[in-house]
Amino acid sequence: MDTSKYRAKLRSDGGILLGERISCDGFAYGRPFRVQTHIHADHMVAFDTSKANQTILMSPETRALLCAIYNADLPYRPQVCAVSPDTTFVAEDEHIDLLPSNHMLGSVQVQVTLADGYRVGYSSDFFWPLEKVVEVDELVVDSTYGDPTRTRLYDQQVVEEGCDYQVR
Ligand SMILES: [Zn+2]
């Protein structure tokens, strides 16, 4: 399968590349921007490297959590930027929109509109239902609980009603 035509890519370290300038939840050489979708440890790969080399975009809530929990010097770093859900961040010729993903406080989905209008996105971890979803031509969907040994034999209604359930 020829994957070279895709403009959204998954790295072996878990980082996601969108377009030509943006990495998500990971560092990549030559990419001046990183989006931090949320603060769970499996999404914090190479954060310190990104702090020294990239402009890092995140929701205001994620920025506050990172400042409080992970690193006291973040409030003084101008390249660690909070982007509100109703704001489009212009990253040179690519445009970044962050939409809430309802996974945890401050978590976001990522939509990037490339210079030619083509749109790529990353769901990150998300929880259904979502008020808004990214609208893109290519989407990387996070595979939380994607392991076949973790198939849940119940539906959302059962969870919300607090009934007993069985995990295979
Ligand atoms: Zn998570």
# chains A, B, ... in the order shown; residues from 1 in each chain; ligands from 1

call {"tool": "select_by_dssp", "arguments": {"residues": "stretch 87-134 of chain A", "states": "strand (DSSP E)", "output": "PDB file with all heavy atoms, in the first residue's frame"}}
result
ATOM      1  N   THR A  88      -8.941  30.384  15.217  1.00  0.00           N
ATOM      2  CA  THR A  88      -8.080  29.670  14.284  1.00  0.00           C
ATOM      3  C   THR A  88      -6.664  30.211  14.430  1.00  0.00           C
ATOM      4  O   THR A  88      -6.442  31.418  14.343  1.00  0.00           O
ATOM      5  CB  THR A  88      -8.562  29.870  12.834  1.00  0.00           C
ATOM      6  OG1 THR A  88      -9.865  29.299  12.701  1.00  0.00           O
ATOM      7  CG2 THR A  88      -7.615  29.203  11.839  1.00  0.00           C
ATOM      8  N   PHE A  89      -5.700  29.305  14.666  1.00  0.00           N
ATOM      9  CA  PHE A  89      -4.297  29.711  14.785  1.00  0.00           C
ATOM     10  C   PHE A  89      -3.652  29.575  13.413  1.00  0.00           C
ATOM     11  O   PHE A  89      -3.766  28.522  12.762  1.00  0.00           O
ATOM     12  CB  PHE A  89      -3.571  28.820  15.795  1.00  0.00           C
ATOM     13  CG  PHE A  89      -2.152  29.252  16.043  1.00  0.00           C
ATOM     14  CD1 PHE A  89      -1.850  30.135  17.063  1.00  0.00           C
ATOM     15  CD2 PHE A  89      -1.118  28.784  15.237  1.00  0.00           C
ATOM     16  CE1 PHE A  89      -0.542  30.542  17.295  1.00  0.00           C
ATOM     17  CE2 PHE A  89       0.192  29.182  15.458  1.00  0.00           C
ATOM     18  CZ  PHE A  89       0.475  30.068  16.490  1.00  0.00           C
ATOM     19  N   VAL A  90      -2.999  30.635  12.966  1.00  0.00           N
ATOM     20  CA  VAL A  90      -2.345  30.620  11.665  1.00  0.00           C
ATOM     21  C   VAL A  90      -0.886  30.218  11.863  1.00  0.00           C
ATOM     22  O   VAL A  90      -0.113  30.931  12.510  1.00  0.00           O
ATOM     23  CB  VAL A  90      -2.442  31.995  10.975  1.00  0.00           C
ATOM     24  CG1 VAL A  90      -1.728  31.973   9.624  1.00  0.00           C
ATOM     25  CG2 VAL A  90      -3.902  32.397  10.799  1.00  0.00           C
ATOM     26  N   ALA A  91      -0.546  29.051  11.320  1.00  0.00           N
ATOM     27  CA  ALA A  91       0.811  28.519  11.412  1.00  0.00           C
ATOM     28  C   ALA A  91       1.437  28.609  10.023  1.00  0.00           C
ATOM     29  O   ALA A  91       1.357  27.677   9.223  1.00  0.00           O
ATOM     30  CB  ALA A  91       0.777  27.066  11.901  1.00  0.00           C
ATOM     31  N   GLU A  94      -0.557  27.191   7.078  1.00  0.00           N
ATOM     32  CA  GLU A  94      -1.504  26.172   7.516  1.00  0.00           C
ATOM     33  C   GLU A  94      -2.314  26.729   8.689  1.00  0.00           C
ATOM     34  O   GLU A  94      -1.795  27.501   9.497  1.00  0.00           O
ATOM     35  CB  GLU A  94      -0.753  24.880   7.902  1.00  0.00           C
ATOM     36  CG  GLU A  94       0.006  24.308   6.697  1.00  0.00           C
ATOM     37  CD  GLU A  94       0.758  23.007   7.000  1.00  0.00           C
ATOM     38  OE1 GLU A  94       0.909  22.646   8.177  1.00  0.00           O
ATOM     39  OE2 GLU A  94       1.185  22.373   6.016  1.00  0.00           O
ATOM     40  N   HIS A  95      -3.583  26.351   8.767  1.00  0.00           N
ATOM     41  CA  HIS A  95      -4.480  26.895   9.779  1.00  0.00           C
ATOM     42  C   HIS A  95      -4.937  25.782  10.719  1.00  0.00           C
ATOM     43  O   HIS A  95      -5.369  24.726  10.262  1.00  0.00           O
ATOM     44  CB  HIS A  95      -5.696  27.553   9.118  1.00  0.00           C
ATOM     45  CG  HIS A  95      -5.339  28.769   8.320  1.00  0.00           C
ATOM     46  ND1 HIS A  95      -4.647  28.710   7.126  1.00  0.00           N
ATOM     47  CD2 HIS A  95      -5.555  30.083   8.562  1.00  0.00           C
ATOM     48  CE1 HIS A  95      -4.472  29.936   6.666  1.00  0.00           C
ATOM     49  NE2 HIS A  95      -5.003  30.796   7.516  1.00  0.00           N
ATOM     50  N   ILE A  96      -4.857  26.049  12.010  1.00  0.00           N
ATOM     51  CA  ILE A  96      -5.133  25.035  13.024  1.00  0.00           C
ATOM     52  C   ILE A  96      -6.378  25.435  13.814  1.00  0.00           C
ATOM     53  O   ILE A  96      -6.462  26.537  14.343  1.00  0.00           O
ATOM     54  CB  ILE A  96      -3.941  24.903  13.999  1.00  0.00           C
ATOM     55  CG1 ILE A  96      -2.659  24.561  13.229  1.00  0.00           C
ATOM     56  CG2 ILE A  96      -4.249  23.857  15.073  1.00  0.00           C
ATOM     57  CD1 ILE A  96      -1.389  24.631  14.077  1.00  0.00           C
ATOM     58  N   ASP A  97      -7.325  24.491  13.892  1.00  0.00           N
ATOM     59  CA  ASP A  97      -8.495  24.659  14.751  1.00  0.00           C
ATOM     60  C   ASP A  97      -8.515  23.530  15.770  1.00  0.00           C
ATOM     61  O   ASP A  97      -8.294  22.366  15.416  1.00  0.00           O
ATOM     62  CB  ASP A  97      -9.789  24.631  13.920  1.00  0.00           C
ATOM     63  CG  ASP A  97      -9.924  25.869  13.053  1.00  0.00           C
ATOM     64  OD1 ASP A  97     -10.173  26.949  13.614  1.00  0.00           O
ATOM     65  OD2 ASP A  97      -9.764  25.751  11.824  1.00  0.00           O
ATOM     66  N   LEU A  98      -8.776  23.866  17.009  1.00  0.00           N
ATOM     67  CA  LEU A  98      -8.871  22.888  18.089  1.00  0.00           C
ATOM     68  C   LEU A  98     -10.318  22.833  18.560  1.00  0.00           C
ATOM     69  O   LEU A  98     -10.904  23.861  18.894  1.00  0.00           O
ATOM     70  CB  LEU A  98      -7.953  23.289  19.252  1.00  0.00           C
ATOM     71  CG  LEU A  98      -6.477  23.530  18.896  1.00  0.00           C
ATOM     72  CD1 LEU A  98      -5.687  23.939  20.142  1.00  0.00           C
ATOM     73  CD2 LEU A  98      -5.863  22.306  18.234  1.00  0.00           C
ATOM     74  N   LEU A  99     -10.891  21.621  18.578  1.00  0.00           N
ATOM     75  CA  LEU A  99     -12.274  21.439  19.015  1.00  0.00           C
ATOM     76  C   LEU A  99     -12.290  20.520  20.237  1.00  0.00           C
ATOM     77  O   LEU A  99     -11.544  19.542  20.269  1.00  0.00           O
ATOM     78  CB  LEU A  99     -13.119  20.799  17.905  1.00  0.00           C
ATOM     79  CG  LEU A  99     -13.512  21.654  16.708  1.00  0.00           C
ATOM     80  CD1 LEU A  99     -12.345  21.933  15.815  1.00  0.00           C
ATOM     81  CD2 LEU A  99     -14.634  20.975  15.938  1.00  0.00           C
ATOM     82  N   PRO A 100     -13.151  20.784  21.205  1.00  0.00           N
ATOM     83  CA  PRO A 100     -13.211  19.917  22.387  1.00  0.00           C
ATOM     84  C   PRO A 100     -13.464  18.460  21.995  1.00  0.00           C
ATOM     85  O   PRO A 100     -14.228  18.169  21.066  1.00  0.00           O
ATOM     86  CB  PRO A 100     -14.395  20.483  23.171  1.00  0.00           C
ATOM     87  CG  PRO A 100     -14.497  21.906  22.730  1.00  0.00           C
ATOM     88  CD  PRO A 100     -14.082  21.905  21.280  1.00  0.00           C
ATOM     89  N   VAL A 108      -8.619  18.113  23.186  1.00  0.00           N
ATOM     90  CA  VAL A 108      -9.089  18.629  21.908  1.00  0.00           C
ATOM     91  C   VAL A 108      -8.862  17.651  20.759  1.00  0.00           C
ATOM     92  O   VAL A 108      -7.974  16.800  20.812  1.00  0.00           O
ATOM     93  CB  VAL A 108      -8.381  19.958  21.534  1.00  0.00           C
ATOM     94  CG1 VAL A 108      -8.771  21.075  22.500  1.00  0.00           C
ATOM     95  CG2 VAL A 108      -6.872  19.788  21.468  1.00  0.00           C
ATOM     96  N   GLN A 109      -9.707  17.786  19.728  1.00  0.00           N
ATOM     97  CA  GLN A 109      -9.473  17.237  18.405  1.00  0.00           C
ATOM     98  C   GLN A 109      -8.713  18.317  17.623  1.00  0.00           C
ATOM     99  O   GLN A 109      -8.795  19.491  17.966  1.00  0.00           O
ATOM    100  CB  GLN A 109     -10.777  16.977  17.656  1.00  0.00           C
ATOM    101  CG  GLN A 109     -11.884  16.294  18.432  1.00  0.00           C
ATOM    102  CD  GLN A 109     -13.230  16.518  17.750  1.00  0.00           C
ATOM    103  OE1 GLN A 109     -13.465  16.069  16.639  1.00  0.00           O
ATOM    104  NE2 GLN A 109     -14.132  17.227  18.431  1.00  0.00           N
ATOM    105  N   VAL A 110      -8.024  17.911  16.553  1.00  0.00           N
ATOM    106  CA  VAL A 110      -7.217  18.864  15.783  1.00  0.00           C
ATOM    107  C   VAL A 110      -7.647  18.836  14.325  1.00  0.00           C
ATOM    108  O   VAL A 110      -7.762  17.753  13.724  1.00  0.00           O
ATOM    109  CB  VAL A 110      -5.715  18.511  15.858  1.00  0.00           C
ATOM    110  CG1 VAL A 110      -4.879  19.584  15.163  1.00  0.00           C
ATOM    111  CG2 VAL A 110      -5.273  18.302  17.295  1.00  0.00           C
ATOM    112  N   GLN A 111      -7.888  20.016  13.763  1.00  0.00           N
ATOM    113  CA  GLN A 111      -8.182  20.150  12.338  1.00  0.00           C
ATOM    114  C   GLN A 111      -7.185  21.131  11.748  1.00  0.00           C
ATOM    115  O   GLN A 111      -7.020  22.238  12.264  1.00  0.00           O
ATOM    116  CB  GLN A 111      -9.608  20.661  12.127  1.00  0.00           C
ATOM    117  CG  GLN A 111      -9.964  20.899  10.667  1.00  0.00           C
ATOM    118  CD  GLN A 111     -11.414  21.321  10.489  1.00  0.00           C
ATOM    119  OE1 GLN A 111     -12.307  20.711  11.047  1.00  0.00           O
ATOM    120  NE2 GLN A 111     -11.623  22.379   9.715  1.00  0.00           N
ATOM    121  N   VAL A 112      -6.505  20.701  10.681  1.00  0.00           N
ATOM    122  CA  VAL A 112      -5.536  21.561  10.012  1.00  0.00           C
ATOM    123  C   VAL A 112      -5.958  21.747   8.562  1.00  0.00           C
ATOM    124  O   VAL A 112      -6.181  20.762   7.849  1.00  0.00           O
ATOM    125  CB  VAL A 112      -4.114  20.957  10.072  1.00  0.00           C
ATOM    126  CG1 VAL A 112      -3.127  21.810   9.279  1.00  0.00           C
ATOM    127  CG2 VAL A 112      -3.650  20.840  11.520  1.00  0.00           C
ATOM    128  N   THR A 113      -6.078  22.992   8.157  1.00  0.00           N
ATOM    129  CA  THR A 113      -6.381  23.309   6.765  1.00  0.00           C
ATOM    130  C   THR A 113      -5.078  23.719   6.090  1.00  0.00           C
ATOM    131  O   THR A 113      -4.419  24.673   6.522  1.00  0.00           O
ATOM    132  CB  THR A 113      -7.420  24.446   6.673  1.00  0.00           C
ATOM    133  OG1 THR A 113      -8.585  24.059   7.422  1.00  0.00           O
ATOM    134  CG2 THR A 113      -7.797  24.710   5.221  1.00  0.00           C
ATOM    135  N   ARG A 119      -7.871  19.363   4.024  1.00  0.00           N
ATOM    136  CA  ARG A 119      -7.952  19.362   5.491  1.00  0.00           C
ATOM    137  C   ARG A 119      -7.563  17.988   6.048  1.00  0.00           C
ATOM    138  O   ARG A 119      -8.029  16.960   5.561  1.00  0.00           O
ATOM    139  CB  ARG A 119      -9.358  19.728   5.936  1.00  0.00           C
ATOM    140  CG  ARG A 119      -9.767  21.132   5.524  1.00  0.00           C
ATOM    141  CD  ARG A 119     -11.238  21.357   5.708  1.00  0.00           C
ATOM    142  NE  ARG A 119     -11.991  20.324   4.988  1.00  0.00           N
ATOM    143  CZ  ARG A 119     -13.304  20.171   5.039  1.00  0.00           C
ATOM    144  NH1 ARG A 119     -14.031  20.967   5.778  1.00  0.00           N
ATOM    145  NH2 ARG A 119     -13.910  19.216   4.355  1.00  0.00           N
ATOM    146  N   VAL A 120      -6.724  18.009   7.057  1.00  0.00           N
ATOM    147  CA  VAL A 120      -6.316  16.790   7.744  1.00  0.00           C
ATOM    148  C   VAL A 120      -6.623  16.958   9.230  1.00  0.00           C
ATOM    149  O   VAL A 120      -6.670  18.081   9.743  1.00  0.00           O
ATOM    150  CB  VAL A 120      -4.822  16.474   7.527  1.00  0.00           C
ATOM    151  CG1 VAL A 120      -4.558  16.095   6.080  1.00  0.00           C
ATOM    152  CG2 VAL A 120      -3.947  17.653   7.935  1.00  0.00           C
ATOM    153  N   GLY A 121      -6.837  15.828   9.919  1.00  0.00           N
ATOM    154  CA  GLY A 121      -7.198  15.948  11.323  1.00  0.00           C
ATOM    155  C   GLY A 121      -6.759  14.773  12.159  1.00  0.00           C
ATOM    156  O   GLY A 121      -6.358  13.723  11.645  1.00  0.00           O
ATOM    157  N   TYR A 122      -6.816  14.986  13.456  1.00  0.00           N
ATOM    158  CA  TYR A 122      -6.473  13.965  14.444  1.00  0.00           C
ATOM    159  C   TYR A 122      -7.549  13.999  15.529  1.00  0.00           C
ATOM    160  O   TYR A 122      -7.788  15.052  16.125  1.00  0.00           O
ATOM    161  CB  TYR A 122      -5.089  14.265  15.025  1.00  0.00           C
ATOM    162  CG  TYR A 122      -4.674  13.394  16.176  1.00  0.00           C
ATOM    163  CD1 TYR A 122      -4.908  12.015  16.188  1.00  0.00           C
ATOM    164  CD2 TYR A 122      -4.029  13.947  17.274  1.00  0.00           C
ATOM    165  CE1 TYR A 122      -4.522  11.225  17.259  1.00  0.00           C
ATOM    166  CE2 TYR A 122      -3.627  13.159  18.348  1.00  0.00           C
ATOM    167  CZ  TYR A 122      -3.885  11.809  18.331  1.00  0.00           C
ATOM    168  OH  TYR A 122      -3.501  11.029  19.390  1.00  0.00           O
TER     169      TYR A 122
END

call {"tool": "residues_near_ligand", "arguments": {"ligand": "ligand 1", "cutoff": "10 Å", "atoms": "only C-alpha atoms and all ligand atoms", "output": "ChimeraX atom specification"}}
result
/A:37-43,103-104,107,124-127,142,144

call {"tool": "write_last_selection", "arguments": {"atoms": "N, CA, C and O atoms", "output": "PDB file, in the first residue's frame"}}
result
ATOM      1  N   THR A  37      -2.707  17.705  22.583  1.00  0.00           N
ATOM      2  CA  THR A  37      -4.160  17.499  22.645  1.00  0.00           C
ATOM      3  C   THR A  37      -4.686  17.365  24.063  1.00  0.00           C
ATOM      4  O   THR A  37      -5.817  17.721  24.334  1.00  0.00           O
ATOM      5  N   HIS A  38      -3.892  16.797  24.971  1.00  0.00           N
ATOM      6  CA  HIS A  38      -4.253  16.714  26.383  1.00  0.00           C
ATOM      7  C   HIS A  38      -3.038  16.229  27.165  1.00  0.00           C
ATOM      8  O   HIS A  38      -1.987  16.005  26.575  1.00  0.00           O
ATOM      9  N   ILE A  39      -3.181  16.062  28.473  1.00  0.00           N
ATOM     10  CA  ILE A  39      -1.978  15.850  29.289  1.00  0.00           C
ATOM     11  C   ILE A  39      -1.723  14.402  29.678  1.00  0.00           C
ATOM     12  O   ILE A  39      -0.796  14.142  30.450  1.00  0.00           O
ATOM     13  N   HIS A  40      -2.498  13.444  29.194  1.00  0.00           N
ATOM     14  CA  HIS A  40      -2.207  12.053  29.564  1.00  0.00           C
ATOM     15  C   HIS A  40      -0.805  11.667  29.094  1.00  0.00           C
ATOM     16  O   HIS A  40      -0.356  12.089  28.023  1.00  0.00           O
ATOM     17  N   ALA A  41      -0.130  10.845  29.903  1.00  0.00           N
ATOM     18  CA  ALA A  41       1.288  10.536  29.705  1.00  0.00           C
ATOM     19  C   ALA A  41       1.587   9.981  28.320  1.00  0.00           C
ATOM     20  O   ALA A  41       2.626  10.308  27.730  1.00  0.00           O
ATOM     21  N   ASP A  42       0.696   9.167  27.765  1.00  0.00           N
ATOM     22  CA  ASP A  42       0.973   8.580  26.446  1.00  0.00           C
ATOM     23  C   ASP A  42       0.880   9.602  25.316  1.00  0.00           C
ATOM     24  O   ASP A  42       1.205   9.296  24.168  1.00  0.00           O
ATOM     25  N   HIS A  43       0.485  10.822  25.623  1.00  0.00           N
ATOM     26  CA  HIS A  43       0.436  11.892  24.616  1.00  0.00           C
ATOM     27  C   HIS A  43       1.496  12.964  24.875  1.00  0.00           C
ATOM     28  O   HIS A  43       1.535  13.971  24.178  1.00  0.00           O
ATOM     29  N   HIS A 103     -12.813  14.152  26.283  1.00  0.00           N
ATOM     30  CA  HIS A 103     -12.081  13.025  26.871  1.00  0.00           C
ATOM     31  C   HIS A 103     -11.653  13.343  28.305  1.00  0.00           C
ATOM     32  O   HIS A 103     -11.748  12.494  29.185  1.00  0.00           O
ATOM     33  N   MET A 104     -11.168  14.550  28.519  1.00  0.00           N
ATOM     34  CA  MET A 104     -10.811  15.032  29.855  1.00  0.00           C
ATOM     35  C   MET A 104     -10.777  16.553  29.790  1.00  0.00           C
ATOM     36  O   MET A 104     -10.907  17.130  28.713  1.00  0.00           O
ATOM     37  N   SER A 107      -9.125  18.594  26.728  1.00  0.00           N
ATOM     38  CA  SER A 107      -8.726  17.751  25.587  1.00  0.00           C
ATOM     39  C   SER A 107      -9.367  18.263  24.294  1.00  0.00           C
ATOM     40  O   SER A 107     -10.483  18.775  24.304  1.00  0.00           O
ATOM     41  N   SER A 124      -7.442  12.472  18.393  1.00  0.00           N
ATOM     42  CA  SER A 124      -6.909  12.233  19.736  1.00  0.00           C
ATOM     43  C   SER A 124      -7.901  11.341  20.489  1.00  0.00           C
ATOM     44  O   SER A 124      -8.811  10.768  19.889  1.00  0.00           O
ATOM     45  N   ASP A 125      -7.728  11.200  21.785  1.00  0.00           N
ATOM     46  CA  ASP A 125      -8.703  10.446  22.575  1.00  0.00           C
ATOM     47  C   ASP A 125      -9.986  11.264  22.635  1.00  0.00           C
ATOM     48  O   ASP A 125      -9.936  12.478  22.833  1.00  0.00           O
ATOM     49  N   PHE A 126     -11.124  10.608  22.485  1.00  0.00           N
ATOM     50  CA  PHE A 126     -12.384  11.352  22.514  1.00  0.00           C
ATOM     51  C   PHE A 126     -13.461  10.527  23.200  1.00  0.00           C
ATOM     52  O   PHE A 126     -13.328   9.322  23.368  1.00  0.00           O
ATOM     53  N   PHE A 127     -14.502  11.211  23.577  1.00  0.00           N
ATOM     54  CA  PHE A 127     -15.637  10.568  24.225  1.00  0.00           C
ATOM     55  C   PHE A 127     -16.899  11.016  23.506  1.00  0.00           C
ATOM     56  O   PHE A 127     -17.067  12.197  23.224  1.00  0.00           O
ATOM     57  N   ASP A 142      -7.671   8.085  16.986  1.00  0.00           N
ATOM     58  CA  ASP A 142      -6.923   7.454  18.070  1.00  0.00           C
ATOM     59  C   ASP A 142      -7.558   6.107  18.392  1.00  0.00           C
ATOM     60  O   ASP A 142      -8.768   5.967  18.377  1.00  0.00           O
ATOM     61  N   THR A 144      -7.655   4.327  21.199  1.00  0.00           N
ATOM     62  CA  THR A 144      -7.855   3.987  22.607  1.00  0.00           C
ATOM     63  C   THR A 144      -8.820   2.815  22.699  1.00  0.00           C
ATOM     64  O   THR A 144      -9.881   2.831  22.099  1.00  0.00           O
TER      65      THR A 144
END

call {"tool": "select_by_dssp", "arguments": {"residues": "stretch 8-166 of chain A", "states": "alpha helix (DSSP H)", "output": "ChimeraX atom specification"}}
result
/A:47-53,60-69,156-161

call {"tool": "atom_distance", "arguments": {"atom1": "atom CA of A:Pro60", "atom2": "atom CA of A:Asp25"}}
result
16.1 Å

call {"tool": "closest_residue", "arguments": {"among": "A:Ser143, A:Trp128, A:Val134, A:Tyr76", "to": "A:Gln156", "atoms": "only C-alpha atoms"}}
result
A:Trp128

call {"tool": "atom_distance", "arguments": {"atom1": "atom CA of A:Val140", "atom2": "atom CA of A:Glu61"}}
result
23.1 Å

call {"tool": "atom_distance", "arguments": {"atom1": "atom CA of A:Ser23", "atom2": "atom CA of A:Gln36"}}
result
8.8 Å

call {"tool": "closest_residue", "arguments": {"among": "A:Ser101, A:Thr87, A:Ser4, A:Gln157", "to": "A:Lys132", "atoms": "only C-alpha atoms"}}
result
A:Ser101

call {"tool": "closest_residue", "arguments": {"among": "A:Leu105, A:Cys67, A:Ile56, A:Ala115", "to": "A:Cys81", "atoms": "only C-alpha atoms"}}
result
A:Ile56

call {"tool": "residues_around", "arguments": {"residues": "A:Val45", "least_positions_apart": "4", "cutoff": "8 Å", "atoms": "only C-alpha atoms", "output": "number ranges by chain"}}
result
A: 13-15, 25-27, 41
